[in-house]
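Visitor: What follows is structure_24.cif, made up of mmCIF, C-alpha atoms:
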data_model
#
loop_
_atom_site.label_atom_id
_atom_site.label_comp_id
_atom_site.auth_asym_id
_atom_site.auth_seq_id
_atom_site.Cartn_x
_atom_site.Cartn_y
_atom_site.Cartn_z
CA MET A 3 -4.35 -15.24 -8.06
CA MET A 4 -6.06 -13.41 -5.22
CA ARG A 5 -4.63 -13.63 -1.74
CA ARG A 6 -6.26 -11.63 1.03
CA ARG A 7 -5.60 -11.64 4.72
CA ALA A 8 -6.23 -9.37 7.62
CA VAL A 9 -3.16 -8.06 9.37
CA ARG A 10 -3.42 -6.97 12.98
CA ASP A 11 -0.41 -5.15 14.32
CA ALA A 12 1.02 -5.25 17.81
CA PRO A 13 -1.06 -4.10 20.82
CA THR A 14 -0.59 -0.37 20.13
CA LEU A 15 -2.33 -0.80 16.78
CA ALA A 16 -4.72 -3.58 17.77
CA ALA A 17 -7.79 -1.52 16.88
CA VAL A 18 -6.63 -0.85 13.31
CA ASP A 19 -7.42 -3.71 10.92
CA ILE A 20 -5.64 -3.74 7.59
CA GLU A 21 -6.87 -6.16 4.96
CA VAL A 22 -4.18 -6.95 2.41
CA GLY A 23 -4.63 -8.39 -1.05
CA ASN A 24 -1.91 -9.29 -3.52
CA GLU A 25 -3.66 -9.83 -6.83
CA GLN A 26 -0.58 -9.68 -9.08
CA ASN A 27 2.40 -11.86 -9.86
CA ASP A 28 4.67 -9.34 -11.62
CA VAL A 29 6.75 -8.21 -8.63
CA ALA A 30 7.48 -9.89 -5.30
CA VAL A 31 5.76 -7.89 -2.56
CA ASP A 32 6.19 -8.10 1.20
CA ALA A 33 2.48 -7.47 1.72
CA ALA A 34 2.56 -8.09 5.48
CA GLY A 35 5.54 -5.76 5.92
CA LEU A 36 3.87 -3.02 3.89
CA ALA A 37 0.64 -3.47 5.87
CA SER A 38 2.68 -3.06 9.05
CA LEU A 39 4.19 0.12 7.62
CA ALA A 40 0.68 1.41 6.84
CA GLY A 41 -0.36 0.65 10.42
CA SER A 42 2.66 2.48 11.80
CA VAL A 43 1.87 5.54 9.68
CA LEU A 44 -1.77 5.48 10.78
CA SER A 45 -0.70 5.35 14.42
CA ALA A 46 1.85 8.14 13.98
CA GLU A 47 -0.84 10.25 12.31
CA GLY A 48 -3.09 9.74 15.35
CA VAL A 49 -5.41 7.00 14.08
CA HIS A 50 -5.83 4.41 16.80
CA GLY A 51 -9.12 2.88 15.82
CA PRO A 52 -11.29 1.20 15.70
CA ALA A 53 -10.55 1.57 12.01
CA GLU A 54 -10.24 -0.51 8.86
CA LEU A 55 -8.10 -0.04 5.76
CA THR A 56 -7.73 -2.12 2.62
CA LEU A 57 -4.35 -2.35 0.88
CA SER A 58 -4.30 -4.08 -2.52
CA PHE A 59 -1.50 -4.85 -4.95
CA VAL A 60 -2.73 -5.25 -8.54
CA ASP A 61 -1.35 -5.77 -12.03
CA GLU A 62 -1.16 -3.10 -14.71
CA ALA A 63 -4.41 -4.08 -16.43
CA ALA A 64 -6.40 -3.80 -13.20
CA MET A 65 -4.72 -0.50 -12.31
CA ALA A 66 -5.37 0.90 -15.79
CA ALA A 67 -9.06 0.01 -15.43
CA LEU A 68 -9.25 1.71 -12.01
CA ASN A 69 -7.33 4.74 -13.26
CA GLY A 70 -9.69 5.11 -16.22
CA ALA A 71 -12.87 4.58 -14.20
CA HIS A 72 -12.00 6.82 -11.25
CA MET A 73 -9.50 9.36 -12.55
CA GLY A 74 -10.39 9.54 -16.25
CA GLU A 75 -6.77 8.77 -17.13
CA THR A 76 -5.44 6.29 -19.67
CA GLY A 77 -3.07 3.52 -18.60
CA PRO A 78 -1.86 2.33 -15.23
CA THR A 79 -0.57 4.56 -12.45
CA ASP A 80 1.50 3.69 -9.40
CA VAL A 81 -1.01 4.24 -6.57
CA LEU A 82 -4.65 5.21 -6.10
CA ALA A 83 -6.29 6.01 -2.80
CA PHE A 84 -10.01 6.02 -2.14
CA PRO A 85 -10.79 7.70 1.19
CA LEU A 86 -14.06 6.77 2.87
CA ASP A 87 -14.64 7.78 6.51
CA ASP A 88 -12.98 10.59 8.40
CA PRO A 89 -11.18 8.84 11.28
CA ASP A 90 -12.00 11.76 13.62
CA GLU A 91 -15.75 11.58 13.00
CA VAL A 92 -17.74 10.47 16.04
CA ARG A 93 -19.24 6.97 15.68
CA PRO A 94 -21.25 4.68 17.90
CA VAL A 95 -19.05 2.79 20.38
CA GLY A 96 -17.24 -0.08 18.71
CA MET A 97 -18.08 1.00 15.15
CA ALA A 98 -14.92 1.10 13.05
CA ALA A 99 -14.02 3.96 10.75
CA LEU A 100 -13.73 2.63 7.22
CA LEU A 101 -10.66 4.64 6.26
CA GLY A 102 -10.64 3.57 2.64
CA ASP A 103 -8.79 1.60 0.02
CA ILE A 104 -5.24 1.94 -1.25
CA VAL A 105 -4.36 0.24 -4.52
CA VAL A 106 -0.72 -0.10 -5.61
CA CYS A 107 0.66 -1.38 -8.92
CA PRO A 108 4.05 -2.99 -8.20
CA ALA A 109 4.97 -3.23 -11.91
CA VAL A 110 4.65 0.55 -12.30
CA ALA A 111 6.43 1.02 -8.97
CA ARG A 112 9.36 -1.05 -10.25
CA ARG A 113 9.70 1.25 -13.29
CA TYR A 114 9.49 4.40 -11.18
CA ALA A 115 12.05 2.97 -8.74
CA ALA A 116 14.54 2.54 -11.57
CA GLU A 117 13.87 6.08 -12.79
CA HIS A 118 14.46 7.50 -9.28
CA GLY A 119 17.46 5.35 -8.41
CA ARG A 120 15.89 3.49 -5.52
CA SER A 121 14.92 -0.08 -4.82
CA THR A 122 11.50 -1.42 -5.72
CA GLU A 123 10.96 -2.13 -2.02
CA HIS A 124 11.57 1.53 -1.13
CA GLU A 125 9.33 2.70 -3.96
CA LEU A 126 6.52 0.41 -2.76
CA ALA A 127 6.95 1.74 0.77
CA LEU A 128 6.76 5.32 -0.50
CA LEU A 129 3.56 4.51 -2.39
CA VAL A 130 1.95 2.87 0.65
CA VAL A 131 2.80 5.87 2.84
CA HIS A 132 1.56 8.21 0.10
CA GLY A 133 -1.70 6.27 -0.14
CA VAL A 134 -2.23 6.28 3.64
CA LEU A 135 -1.73 10.04 3.74
CA HIS A 136 -4.27 10.50 0.93
CA VAL A 137 -6.79 8.35 2.81
CA LEU A 138 -6.25 10.62 5.82
CA GLY A 139 -7.00 13.73 3.77
CA HIS A 140 -3.57 14.91 2.59
CA ASP A 141 -3.32 16.15 -0.98
CA HIS A 142 -0.71 17.55 -3.33
CA ALA A 143 -2.80 19.62 -5.75
CA GLU A 144 -1.30 22.91 -4.54
CA PRO A 145 2.41 23.58 -3.90
CA ASP A 146 1.96 24.14 -0.15
CA GLU A 147 -0.08 20.93 0.18
CA ALA A 148 2.52 19.02 -1.84
CA ALA A 149 5.33 20.27 0.38
CA LEU A 150 3.47 19.29 3.55
CA MET A 151 2.61 15.86 2.18
CA ALA A 152 6.21 15.27 1.07
CA GLU A 153 7.41 16.28 4.54
CA HIS A 154 5.05 13.74 6.17
CA GLU A 155 6.11 11.04 3.70
CA LEU A 156 9.79 11.58 4.37
CA ARG A 157 9.29 11.66 8.14
CA HIS A 158 7.41 8.36 8.10
CA LEU A 159 9.75 6.63 5.67
CA ARG A 160 12.77 7.64 7.73
CA ALA A 161 11.12 6.60 10.99
CA PHE A 162 9.63 3.29 9.89
CA LEU A 163 11.75 2.14 6.94
CA ASP A 164 15.20 3.66 6.58
CA PRO A 165 16.69 6.65 8.43
CA ALA A 166 18.61 7.52 5.25
CA PHE A 167 15.57 7.45 2.95
CA ASN A 168 15.72 10.23 0.41
CA ARG A 169 13.12 11.32 -2.11
#
What would you get if you wrote out this structure as structure tokens?

Guide:
Amino acid sequence: MMRRRAVRDAPTLAAVDIEVGNEQNDVAVDAAGLASLAGSVLSAEGVHGPAELTLSFVDEAAMAALNGAHMGETGPTDVLAFPLDDPDEVRPVGMAALLGDIVVCPAVARRYAAEHGRSTEHELALLVVHGVLHVLGHDHAEPDEAALMAEHELRHLRAFLDPAFNR
């Protein structure tokens, strides 16, 4: 069952539109809350719009198909991010930056949460923050990049989710 809606955050984030879709029924997801978290991370990272981001929650079959098609990997993964526009690129007045798409698989997140001793809700939040950072150009291919990305993730999760969040 596909449910999509646009989420517009409070006035400070009014120019950032986040379209949310929950296309799975395996795990209960606070899609609006996670969209708000994504908006908070975008704002903290200096993205104030106009900008658009898509955040989708999918089942394992859909994630496995995306993972195979885009990453050449077999089976589902927890999160994929597809960056589009650079938010700092100059655009005509009023033209939104299309930041990209973040796709999360809550069923995989639930398994990873159990493995890491945290709640599914915290794991989903980590994946959303991780995806937003990827859309903004962060990577973790090299050790120094991974350390910087992990630092940003932890800072955002502690600021916007739980001051005691621990990786």

Visitor: Exactly which residues make up the result of the PyMOL selection byres ((chain A and resi 48) around 12) on this file, given as a list in words?

Guide: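 This file gives the following for the PyMOL selection byres ((chain A and resi 48) around 12): Thr14, Leu15, Val18, Gly41, Ser42, Val43, Leu44, Ser45, Ala46, Glu47, Val49, His50, Gly51, Pro52, Ala53, Pro89, Asp90, Leu135 and Leu138 of chain A.
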
Visitor: Go through A:Val134, A:Leu86, A:Cys107, A:Ala17 and flag the residue nearest Ala30 (chain A), using all atoms listed in the file for the distances.

Guide: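 Between A:Val134, A:Leu86, A:Cys107, A:Ala17, the residue approaching Ala30 (chain A) most closely is A:Cys107.
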
Visitor: Identify the residues around (-3.1, 0.3, -15.2) within a radius of 9 Å, measuring from only C-alpha atoms in the coordinates stated by the file, and give them as a list in words.

Guide: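 Every residue inside that radius is included here: Val60, Asp61, Glu62, Ala63, Ala64, Met65, Ala66, Ala67, Leu68, Asn69, Gly70, Thr76, Gly77, Pro78, Thr79, Asp80, Cys107 and Val110 of chain A.
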
Visitor: With C-alpha atoms retained, export the selected residues as a tab-separated table (two decimals), in the coordinates of the input.

Guide:
chain	number	residue	atom	x	y	z
A	60	VAL	CA	-2.73	-5.25	-8.54
A	61	ASP	CA	-1.35	-5.77	-12.03
A	62	GLU	CA	-1.16	-3.10	-14.71
A	63	ALA	CA	-4.41	-4.08	-16.43
A	64	ALA	CA	-6.40	-3.80	-13.20
A	65	MET	CA	-4.72	-0.50	-12.31
A	66	ALA	CA	-5.37	0.90	-15.79
A	67	ALA	CA	-9.06	0.01	-15.43
A	68	LEU	CA	-9.25	1.71	-12.01
A	69	ASN	CA	-7.33	4.74	-13.26
A	70	GLY	CA	-9.69	5.11	-16.22
A	76	THR	CA	-5.44	6.29	-19.67
A	77	GLY	CA	-3.07	3.52	-18.60
A	78	PRO	CA	-1.86	2.33	-15.23
A	79	THR	CA	-0.57	4.56	-12.45
A	80	ASP	CA	1.50	3.69	-9.40
A	107	CYS	CA	0.66	-1.38	-8.92
A	110	VAL	CA	4.65	0.55	-12.30

Visitor: To one decimal place, how far is CA of Val95 (chain A) from CA of Ala83 (chain A) in Å?

Guide: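 Taking CA of Val95 (chain A) as the start and CA of Ala83 (chain A) as the end point, the length is 26.7 Å.
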
Visitor: Expand the PyMOL selection byres ((chain A and resi 148-154) around 10) into the individual residues it matches in the shown file, reporting them as a PyMOL selection string.

Guide: chain A and resi 43+47+131-132+135-136+139-147+155-160+169

Visitor: So what do you get for CA of Leu100 (chain A) versus CA of Ala161 (chain A), distance-wise?

Guide: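 Going from CA of Leu100 (chain A) over to CA of Ala161 (chain A) covers 25.4 Å.
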
Visitor: Would you work out the distance separating CA of Leu57 (chain A) from CA of Val81 (chain A), expressed in Å to one decimal?

Guide: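 Going from CA of Leu57 (chain A) over to CA of Val81 (chain A), I get 10.5 Å.
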
Visitor: Residues within 10 Å of (7.8, -0.9, -4.8), file coordinates, counting only C-alpha atoms: what are they? Give the list as a VMD selection string.

Guide: chain A and resid 29 to 32 36 80 106 to 115 120 to 130
